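> First the structure, then my questions, so here it is.
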6 protein chains.
Amino acid sequence: MTTWLPTLKTATPEEGYELAIKLARVAIKMTQPDVAVRDKLRPIYAEDADALIASSQVVATHFATVAAANGYWRETS
Amino acid sequence: MTTWLPTLKTATPEEGYELAIKLARVAIKMTQPDVAVRDKLRPIYAEDADALIASSQVVATHFATVAAANGYWRETS
Amino acid sequence: MTTWLPTLKTATPEEGYELAIKLARVAIKMTQPDVAVRDKLRPIYAEDADALIASSQVVATHFATVAAANGYWRETS
Amino acid sequence: MTTWLPTLKTATPEEGYELAIKLARVAIKMTQPDVAVRDKLRPIYAEDADALIASSQVVATHFATVAAANGYWRETS
Amino acid sequence: MTTWLPTLKTATPEEGYELAIKLARVAIKMTQPDVAVRDKLRPIYAEDADALIASSQVVATHFATVAAANGYWRETS
Amino acid sequence: MTTWLPTLKTATPEEGYELAIKLARVAIKMTQPDVAVRDKLRPIYAEDADALIASSQVVATHFATVAAANGYWRETS
């Protein structure tokens with residue numbers, strides 16, 4: 001069985017950021033599993049500044065975790 | 001007596017994420033113990049983008065804790 | 001004189017979670033010391049999804065602190 | 001000259017919690033230095049569940065800092 | 001192929017702060033890729049105190065990560 | 001060329017707190033560079049309890065970073 005989250009390790013900071021976005025979205029999917037409802041909500045909050053900023057906050061929290069998990073990619077720089 | 005939270009250790013990051021979701025939900029259960037009220041609230045906030053994003057933020061905060069508790073599953077990758 | 005917070009140490013993760021809930025509630029008591037007002041507010045926010053999620057966020061932040069204070073209960077598992 | 005914040009060290013976790021409350025309040029005083037305005041706002045937000053929870057969140061964030069600064073009072077327990 | 005985030009290392013705290021702002025904005029771009037919609041939203045939230053404060057919160061969270069990644073620029077001071 | 005943020009080091013916790021306030025404000029300036037608009041917004045949010053609490057939250061997040069950068073000023077106490 002595959003997993004959507006095999007590891008927190010990523011090759012680069014950019015991939016780490018993409019993982020943070022994924023981590024933010026999966027919680028929404030698990031709370032609202034109905035794809036039709038999510039598809040209906042997306043265009044609404046994507047045009048709402050408050051919702052966009054709140055989403056960015058969730059990404060920031062996950063990015064902190066992913067960055068720590070990768071030792072801040074110190075060897076990459 | 002059993003406990004709903006015997007440990008923060010999980011075998012994989014994915015299980016850690018599921019634990020984070022559980023940790024987010026238990027606080028709501030403890031503040032609102034009436035399952036009938038919670039069942040009434042769930043479909044409302046599950047169709048509300050702001051509530052979904054706020055829920056995802058709580059999960060992100062708990063995931064940070066669970067990930068740290070597991071040494072970021074560095075050996076799993 | 002007794003204290004409501006003698007230590008952040010708890011025997012188990014579950015007790016740590018209960019301490020996090022207590023830590024979240026005490027700040028509210030200190031800002032609103034009137035028990036009559038708090039009793040009036042509780043049923044209102046306990047039926048409000050946004051308030052329940054926000055409460056869960058405060059618990060998550062305190063749980064991170066309590067978990068760190070207990071070395072994530074790594075010996076308990 | 002005296003300072004309102006000579007140190008983050010406190011003798012006990014409870015005093016650390018009180019310091020966290022102080023840290024949360026000082027930012028409000030610095031943004032709104034007019035005591036008359038603050039006195040007018042206080043009874044309003046003290047009867048508003050959302051504001052009380054948001055205040056508790058600020059305390060939680062500062063408590064995390066104070067607790068870390070005190071090594072989680074591990075020797076106190 | 002270039003990357004928008006080659007490293008979390010910056011020469012100075014000020015550059016680290018600028019990187020935190022960038023990290024906050026990219027999540028918004030990824031959720032709302034349509035530049036026309038973003039251009040429409042920007043003047044609205046830039047005149048809204050709540051949105052400005054919420055944006056500043058996201059920057060604060062990312063700055064914590066960037067600062068940790070740079071060992072708090074302790075050698076720079 | 002001067003910089004507004006040469007270092008995260010401060011002599012005392014109180015100066016660290018003032019730096020946290022500065023860090024919170026600069027993000028707002030960068031998102032809303034027009035001083036006339038900011039001057040118009042300030043009296044509005046300074047009389048709004050929710051905005052004051054949210055501002056205090058941003059300060060708390062930055063203070064955590066500044067405190068960590070200064071080793072919690074352990075030698076100062």
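If you're wondering about the labels, chains in the structure tokens are A, B, ... by order shown, residues count from 1 in each chain, ligands from 1 in order shown.
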Show me which bits of chain C are within 8 Å of chain B, counting only C-alpha atoms, as a VMD selection string.

chain C and resid 12 to 14 21 46 to 50 52 to 57 59 to 61 63 to 64 67 71 to 74 76 to 77

> Which parts of chain D does DSSP call alpha helix (DSSP H) when run on the backbone here, written out as a ChimeraX atom specification?

/D:13-31,35-45,49-69

> Between CA of Thr2 in chain A and CA of Glu15 in chain A, what distance in Å does the model show, to one decimal?

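Computing it gives 19.7 Å between the two atoms.
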